[in-house]
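Here the structure is laid out as structure tokens; the discussion comes afterwards.
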Amino acid sequence: MGEQVATVVERLGVLVSAGVAPVQAWGHLAEVADDEFISEVADEACRGVAVADAILQALPRPSPTRTASGRVRLGLRSASAVDAWRAVAAAWFVAAESGAPMRLCLADIAESLRQLGGVERDIAAALAGPAATARLVMVLPLVAVLGGSLIGLDSLGTLLGTPAGLTCLLIGLLLSGAGRWWSAQLLRRARRIDPTPGLALELVAVAVGGGGSLPAARSLVGDALGRYGPTQPRHQPSGRSDPAERAVTAVLLLATRSGAPPALLLRSEATRIRRDAVGAAQQRAAALGVWLMLPLGLCILPAFILLAVAPVLLGVLAVPPS
């Protein structure tokens, strides 16, 4: 989803940099894109609603795969995609209020979303093998029970009608559920990716580029993030300030003492933060395939033995000798 949002943002940046008015840029995209979200934003903007507010108004609506008209709603199937659009709305608001060109900000956001979209693909690829193996193992008990019935063993009756069989069934189901829960937790942690790393610094750079003072720029960005900013919770120790706020403060202090352009330092730091975020996400994606072997080996495979192999063995032992 991140790459789809990035494509739209990138096209908007190209149109705006070519001199197309923002409202017209959305209108042109709505004409060529079969996407109801873009059309809603373009329609609201044409009615005089600010683009940032139009994006925000379109986001809360239901986002099925396809609408009743058969048109898709682009990039609204995950919380990270919604946060990405909210970041675009915040950037648009800052650029509009400060009078700064937003081409560079849109290009950086698009590149960040594209990189994080690649990480999402890596995570999906890392999950595909272990997930397919787990699904196969969950089907094998049924195959084993049916196979035992074909050779004259009452595997199902042994599993459901004997104390040992019921014990195997109960423990096997518990292990199977634990394995699925464990795998889901590993995947959820691996998917915790900030969809807009370095956003606060990028927005301050945009506001400063509009010619405003640093205090005014920081106040404007705070207002933008409060109204439009991403809603996913950012975990941080209690009693400590926001890491993004600390990063902005440190960069602006460096600019003041060195005399370097604040916008240049802010964008450089935002690029570094994005690079670090992508690198950390790629490391988690690479390690995910290995970590998923733990629930498979410790839960799913023992559950298979209890649900598939044990009933067959119990059935064999229950057959009286001839």
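Chains: A, B, ... in order of the structure tokens. Residues: from 1 per chain. Ligands: from 1, in order shown.
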So that each row is one residue of range 181-203 of chain A with an atom at most 12 Å from range 93-96 of chain A, can you give its shortest atom pair and the distance in Å to one decimal, using only C-alpha atoms, rows by chain and rising number, as JSON lines?
{"residue": "A:Leu199", "atom": "CA", "partner": "A:Val94", "partner_atom": "CA", "distance": 11.6}
{"residue": "A:Ala200", "atom": "CA", "partner": "A:Val94", "partner_atom": "CA", "distance": 10.8}
{"residue": "A:Glu202", "atom": "CA", "partner": "A:Val94", "partner_atom": "CA", "distance": 10.3}
{"residue": "A:Leu203", "atom": "CA", "partner": "A:Val94", "partner_atom": "CA", "distance": 6.8}
Those same residues - N, CA and C atoms - I'd like them written as a JSON list (two decimals), in the first residue's frame.
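Saved file out_25.json follows:
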[["chain", "number", "residue", "atom", "x", "y", "z"],
["A", 199, "LEU", "N", 9.17, 13.09, 9.59],
["A", 199, "LEU", "CA", 8.16, 14.01, 9.08],
["A", 199, "LEU", "C", 8.24, 15.38, 9.74],
["A", 200, "ALA", "N", 8.41, 15.43, 11.06],
["A", 200, "ALA", "CA", 8.42, 16.71, 11.76],
["A", 200, "ALA", "C", 9.56, 17.60, 11.24],
["A", 202, "GLU", "N", 11.02, 17.43, 8.31],
["A", 202, "GLU", "CA", 10.72, 17.81, 6.93],
["A", 202, "GLU", "C", 9.72, 18.96, 6.89],
["A", 203, "LEU", "N", 8.72, 18.92, 7.76],
["A", 203, "LEU", "CA", 7.71, 19.97, 7.76],
["A", 203, "LEU", "C", 8.27, 21.29, 8.27]]
List the spatial neighbours of Pro22 in chain A as a VMD selection string - criterion: any atom at most 8 Å away, only C-alpha atoms, same-chain residues fewer than 6 positions off excluded. chain A and resid 12 16 51
For Arg191 in chain A, the closest of A:Val41, A:Ala110, A:Ala270, A:Leu116 counting only C-alpha atoms is A:Leu116
Sort by chain and increasing residue number a table of all residues of range 281-304 of chain A within 6 Å of range 166-188 of chain A, each with its closest pair of atoms and their distance in Å to one decimal, counting only C-alpha atoms, and write it as a tab-separated table.
residue	atom	partner	partner_atom	distance
A:Pro295	CA	A:Gly179	CA	4.9
A:Cys299	CA	A:Leu175	CA	5.0
A:Ile300	CA	A:Ser176	CA	5.4
A:Ala303	CA	A:Gly172	CA	4.2
